[in-house]
Amino acid sequence: MDRRVMGAALVVALAAAGMAVAQQAAAPAPSLPMGYLTPQSWPDAARILPPAPAAGSSREARDQEVFKTTRALEGSPRWALAQNDVPTLPQAMLKNFSCAVGVELTPQNAPKLTAMLGRVGLDAGRQVAAVKDVFKRKRPYLITEGNICVPKSDSLAASPDYPSGHATWGWSIGLILAEIAPDRATPILARGRAFGESRVICGVHTVSAVEAGRTNGGALVATLHGDPQFRADLEAARTEVTALRKTAAAEPAPCVTEAELVAKGPY
C-alpha cells in the first residue's frame, strides 16, 4: 500500500491544521504547508525504533492480552477520556494540555504556540506515515475481536498500528510544553503519557505501538531542536505562554478529575 495512505487520518488532520495556520499568515498560503523538517532531515524511525513485535512473541502476547482486558473499560470515565483524545488538531491538543500547563490555551490567546504546533504536526504526521509503511502491523482489533472507542472503518484499518501516530504527537507536544513551562513538566508529561495510553484504551493501538510512539516523538523533538526556525518559534511561544500564566485562574474542578484519571495506570 502507498505510504501516503498509511496514517492517513493523522496526516490529513495535521495537514488541515497547518493549512489553516498558513492561510492566516500575511504572505500568500503555499499549496501545501511546510513543517520545519524535510524528508532528508526527518529522523529515520524505522532504524531508531525496535522492530514491531513478531507473531507469537511475548511482546505480541502482551499486546493482545492488554487489548482484551482493557475492553472492560468501555463506558467508564477513562474510556470517555480516550474518546476525548481522538482529535489531533492543534486546538484540540491545546485544550487537552491546558490543565497540565495550568492555564487555558486556545488558538486565540496562544496564536504563536498554535502556529508552531501546526508545523510540528506536519512533520510528525508525515514521518509517522512513512515508518508505518515499513512495519505494516495490523491494529489489535483486527487480530482479536473487540469494541473500540471510535467507529471501525476501512481507512482506520488501512493505517497500520506501529508506531502510534497519536502517541508520537502527544509525546512531542508534552516535551515541547515541558520546555515552555518547566515548573509544570511533571503534569504535562504525565498528560502526554496518558494521551498515548488513550489509544490502548480505545482499542486502536497496542501497548508496543504506543511505547514506540513515545520514542518516536522524542527523536522528532530532538531533531527539531537542530532547526533554527523551530528554536525561534519555541522561544516566542514560551514568552506567549508565560504571559498567559500570569493571569491564570484557580484550577477548575474538571482539571482535578482529569489529573485523577491520568494518575491511574489503565493497564
# chains A, B, ... in the order shown; residues from 1 in each chain; ligands from 1
call {"tool": "residues_around", "arguments": {"residues": "range 144-149 of chain A", "least_positions_apart": "4", "cutoff": "7 Å", "atoms": "only C-alpha atoms", "output": "list of chain:residue names"}}
result
A:Arg71, A:Gln83, A:Pro140, A:Cys202, A:Gly203, A:Val204
call {"tool": "write_last_selection", "arguments": {"atoms": "all heavy atoms", "output": "tab-separated table (two decimals), in the first residue's frame"}}
result
chain	number	residue	atom	x	y	z
A	71	ARG	N	-10.87	-3.90	27.19
A	71	ARG	CA	-12.23	-3.79	26.62
A	71	ARG	C	-13.25	-3.62	27.76
A	71	ARG	O	-14.35	-3.09	27.53
A	71	ARG	CB	-12.61	-5.03	25.80
A	71	ARG	CG	-11.81	-5.34	24.53
A	71	ARG	CD	-11.56	-4.15	23.64
A	71	ARG	NE	-10.37	-3.44	24.07
A	71	ARG	CZ	-10.19	-2.13	23.94
A	71	ARG	NH1	-11.13	-1.38	23.44
A	71	ARG	NH2	-9.07	-1.56	24.36
A	83	GLN	N	-11.88	8.78	24.26
A	83	GLN	CA	-12.66	9.34	23.15
A	83	GLN	C	-12.36	10.83	22.99
A	83	GLN	O	-12.26	11.34	21.86
A	83	GLN	CB	-14.15	9.12	23.39
A	83	GLN	CG	-14.57	7.67	23.26
A	83	GLN	CD	-16.04	7.45	23.56
A	83	GLN	OE1	-16.56	7.96	24.56
A	83	GLN	NE2	-16.72	6.70	22.70
A	140	PRO	N	-4.81	-3.89	16.78
A	140	PRO	CA	-5.18	-5.03	17.63
A	140	PRO	C	-6.59	-5.57	17.41
A	140	PRO	O	-6.81	-6.78	17.50
A	140	PRO	CB	-5.01	-4.49	19.05
A	140	PRO	CG	-5.07	-2.99	18.91
A	140	PRO	CD	-4.45	-2.71	17.58
A	202	CYS	N	-8.70	2.91	23.84
A	202	CYS	CA	-9.61	2.99	22.70
A	202	CYS	C	-9.65	1.69	21.91
A	202	CYS	O	-10.64	1.39	21.24
A	202	CYS	CB	-9.17	4.15	21.80
A	202	CYS	SG	-10.38	4.66	20.57
A	203	GLY	N	-8.56	0.93	21.96
A	203	GLY	CA	-8.51	-0.34	21.26
A	203	GLY	C	-7.97	-0.26	19.85
A	203	GLY	O	-8.02	-1.23	19.10
A	204	VAL	N	-7.40	0.90	19.50
A	204	VAL	CA	-6.92	1.07	18.13
A	204	VAL	C	-5.40	0.96	18.01
A	204	VAL	O	-4.86	0.98	16.90
A	204	VAL	CB	-7.39	2.42	17.55
A	204	VAL	CG1	-8.91	2.43	17.40
A	204	VAL	CG2	-6.94	3.59	18.42
call {"tool": "closest_atom_pairs", "arguments": {"of": "range 99-196 of chain A", "to": "range 232-255 of chain A", "cutoff": "9 Å", "atoms": "only C-alpha atoms", "output": "tab-separated table"}}
result
residue	atom	partner	partner_atom	distance
A:Cys99	CA	A:Cys255	CA	5.4
A:Ala100	CA	A:Cys255	CA	8.0
A:Val101	CA	A:Arg245	CA	8.5
A:Gly102	CA	A:Ala248	CA	7.0
A:Val103	CA	A:Ala248	CA	5.2
A:Glu104	CA	A:Ala248	CA	7.6
A:Leu105	CA	A:Val241	CA	8.3
A:Asn109	CA	A:Leu244	CA	7.9
A:Ala110	CA	A:Glu240	CA	6.5
A:Pro111	CA	A:Ala237	CA	8.4
A:Lys112	CA	A:Ala237	CA	5.4
A:Leu113	CA	A:Ala237	CA	4.8
A:Thr114	CA	A:Ala237	CA	8.5
A:Ala115	CA	A:Asp233	CA	8.8
A:Met116	CA	A:Asp233	CA	6.4
A:Ile176	CA	A:Leu234	CA	8.0
A:Leu177	CA	A:Arg238	CA	8.5
A:Glu179	CA	A:Arg238	CA	8.1
A:Ile180	CA	A:Arg238	CA	4.8
A:Ala181	CA	A:Arg238	CA	7.5
call {"tool": "write_last_selection", "arguments": {"atoms": "N, CA, C and O atoms", "output": "PDB file, in the first residue's frame"}}
result
ATOM      1  N   CYS A  99      -5.034  21.919  31.363  1.00  0.00           N
ATOM      2  CA  CYS A  99      -4.988  21.642  32.801  1.00  0.00           C
ATOM      3  C   CYS A  99      -3.565  21.383  33.248  1.00  0.00           C
ATOM      4  O   CYS A  99      -3.124  21.869  34.304  1.00  0.00           O
ATOM      5  N   ALA A 100      -2.813  20.629  32.455  1.00  0.00           N
ATOM      6  CA  ALA A 100      -1.445  20.288  32.824  1.00  0.00           C
ATOM      7  C   ALA A 100      -0.542  21.514  32.847  1.00  0.00           C
ATOM      8  O   ALA A 100       0.326  21.644  33.715  1.00  0.00           O
ATOM      9  N   VAL A 101      -0.757  22.425  31.898  1.00  0.00           N
ATOM     10  CA  VAL A 101       0.045  23.646  31.838  1.00  0.00           C
ATOM     11  C   VAL A 101      -0.363  24.613  32.945  1.00  0.00           C
ATOM     12  O   VAL A 101       0.446  25.400  33.448  1.00  0.00           O
ATOM     13  N   GLY A 102      -1.644  24.553  33.335  1.00  0.00           N
ATOM     14  CA  GLY A 102      -2.126  25.419  34.402  1.00  0.00           C
ATOM     15  C   GLY A 102      -2.798  26.681  33.916  1.00  0.00           C
ATOM     16  O   GLY A 102      -3.016  27.610  34.699  1.00  0.00           O
ATOM     17  N   VAL A 103      -3.143  26.729  32.633  1.00  0.00           N
ATOM     18  CA  VAL A 103      -3.843  27.886  32.081  1.00  0.00           C
ATOM     19  C   VAL A 103      -4.594  27.435  30.832  1.00  0.00           C
ATOM     20  O   VAL A 103      -4.142  26.527  30.122  1.00  0.00           O
ATOM     21  N   GLU A 104      -5.737  28.045  30.580  1.00  0.00           N
ATOM     22  CA  GLU A 104      -6.489  27.702  29.379  1.00  0.00           C
ATOM     23  C   GLU A 104      -5.732  28.188  28.147  1.00  0.00           C
ATOM     24  O   GLU A 104      -5.366  29.360  28.040  1.00  0.00           O
ATOM     25  N   LEU A 105      -5.506  27.261  27.213  1.00  0.00           N
ATOM     26  CA  LEU A 105      -4.805  27.579  25.977  1.00  0.00           C
ATOM     27  C   LEU A 105      -5.772  27.440  24.812  1.00  0.00           C
ATOM     28  O   LEU A 105      -6.458  26.418  24.684  1.00  0.00           O
ATOM     29  N   ASN A 109      -5.780  32.898  22.188  1.00  0.00           N
ATOM     30  CA  ASN A 109      -4.875  33.524  23.166  1.00  0.00           C
ATOM     31  C   ASN A 109      -3.433  33.036  23.048  1.00  0.00           C
ATOM     32  O   ASN A 109      -2.535  33.589  23.674  1.00  0.00           O
ATOM     33  N   ALA A 110      -3.219  31.992  22.238  1.00  0.00           N
ATOM     34  CA  ALA A 110      -1.853  31.484  22.034  1.00  0.00           C
ATOM     35  C   ALA A 110      -1.600  31.222  20.553  1.00  0.00           C
ATOM     36  O   ALA A 110      -1.307  30.090  20.139  1.00  0.00           O
ATOM     37  N   PRO A 111      -1.689  32.249  19.711  1.00  0.00           N
ATOM     38  CA  PRO A 111      -1.529  32.042  18.268  1.00  0.00           C
ATOM     39  C   PRO A 111      -0.133  31.573  17.863  1.00  0.00           C
ATOM     40  O   PRO A 111       0.015  30.802  16.910  1.00  0.00           O
ATOM     41  N   LYS A 112       0.894  32.029  18.571  1.00  0.00           N
ATOM     42  CA  LYS A 112       2.255  31.615  18.212  1.00  0.00           C
ATOM     43  C   LYS A 112       2.481  30.146  18.534  1.00  0.00           C
ATOM     44  O   LYS A 112       3.095  29.404  17.758  1.00  0.00           O
ATOM     45  N   LEU A 113       1.979  29.711  19.680  1.00  0.00           N
ATOM     46  CA  LEU A 113       2.071  28.295  20.033  1.00  0.00           C
ATOM     47  C   LEU A 113       1.273  27.454  19.042  1.00  0.00           C
ATOM     48  O   LEU A 113       1.730  26.393  18.597  1.00  0.00           O
ATOM     49  N   THR A 114       0.089  27.923  18.683  1.00  0.00           N
ATOM     50  CA  THR A 114      -0.757  27.194  17.741  1.00  0.00           C
ATOM     51  C   THR A 114      -0.073  27.042  16.393  1.00  0.00           C
ATOM     52  O   THR A 114      -0.083  25.956  15.791  1.00  0.00           O
ATOM     53  N   ALA A 115       0.523  28.119  15.898  1.00  0.00           N
ATOM     54  CA  ALA A 115       1.205  28.072  14.607  1.00  0.00           C
ATOM     55  C   ALA A 115       2.388  27.105  14.652  1.00  0.00           C
ATOM     56  O   ALA A 115       2.612  26.336  13.713  1.00  0.00           O
ATOM     57  N   MET A 116       3.140  27.136  15.750  1.00  0.00           N
ATOM     58  CA  MET A 116       4.280  26.233  15.881  1.00  0.00           C
ATOM     59  C   MET A 116       3.824  24.779  15.885  1.00  0.00           C
ATOM     60  O   MET A 116       4.398  23.922  15.203  1.00  0.00           O
ATOM     61  N   ILE A 176       7.565  19.533  24.250  1.00  0.00           N
ATOM     62  CA  ILE A 176       7.658  20.955  23.895  1.00  0.00           C
ATOM     63  C   ILE A 176       7.081  21.824  25.008  1.00  0.00           C
ATOM     64  O   ILE A 176       7.678  22.823  25.422  1.00  0.00           O
ATOM     65  N   LEU A 177       5.911  21.453  25.510  1.00  0.00           N
ATOM     66  CA  LEU A 177       5.280  22.250  26.561  1.00  0.00           C
ATOM     67  C   LEU A 177       6.071  22.178  27.871  1.00  0.00           C
ATOM     68  O   LEU A 177       6.087  23.144  28.645  1.00  0.00           O
ATOM     69  N   GLU A 179       9.215  22.175  28.060  1.00  0.00           N
ATOM     70  CA  GLU A 179      10.271  23.182  27.903  1.00  0.00           C
ATOM     71  C   GLU A 179       9.717  24.584  28.096  1.00  0.00           C
ATOM     72  O   GLU A 179      10.377  25.453  28.660  1.00  0.00           O
ATOM     73  N   ILE A 180       8.510  24.794  27.624  1.00  0.00           N
ATOM     74  CA  ILE A 180       7.893  26.114  27.729  1.00  0.00           C
ATOM     75  C   ILE A 180       7.532  26.445  29.174  1.00  0.00           C
ATOM     76  O   ILE A 180       7.675  27.588  29.624  1.00  0.00           O
ATOM     77  N   ALA A 181       7.059  25.443  29.917  1.00  0.00           N
ATOM     78  CA  ALA A 181       6.661  25.640  31.322  1.00  0.00           C
ATOM     79  C   ALA A 181       7.323  24.563  32.170  1.00  0.00           C
ATOM     80  O   ALA A 181       6.668  23.623  32.628  1.00  0.00           O
TER      81      ALA A 181
END
call {"tool": "closest_residue", "arguments": {"among": "A:Tyr36, A:Phe67, A:Phe97, A:Trp42", "to": "Val262 in chain A", "atoms": "only C-alpha atoms"}}
result
A:Phe97
call {"tool": "residues_around", "arguments": {"residues": "Asp44 in chain A", "least_positions_apart": "5", "cutoff": "10 Å", "atoms": "only C-alpha atoms", "output": "list in words"}}
result
Pro39, Leu49, Gln127, Ala130, Val131, Asn216, Ala219 and Leu220 of chain A
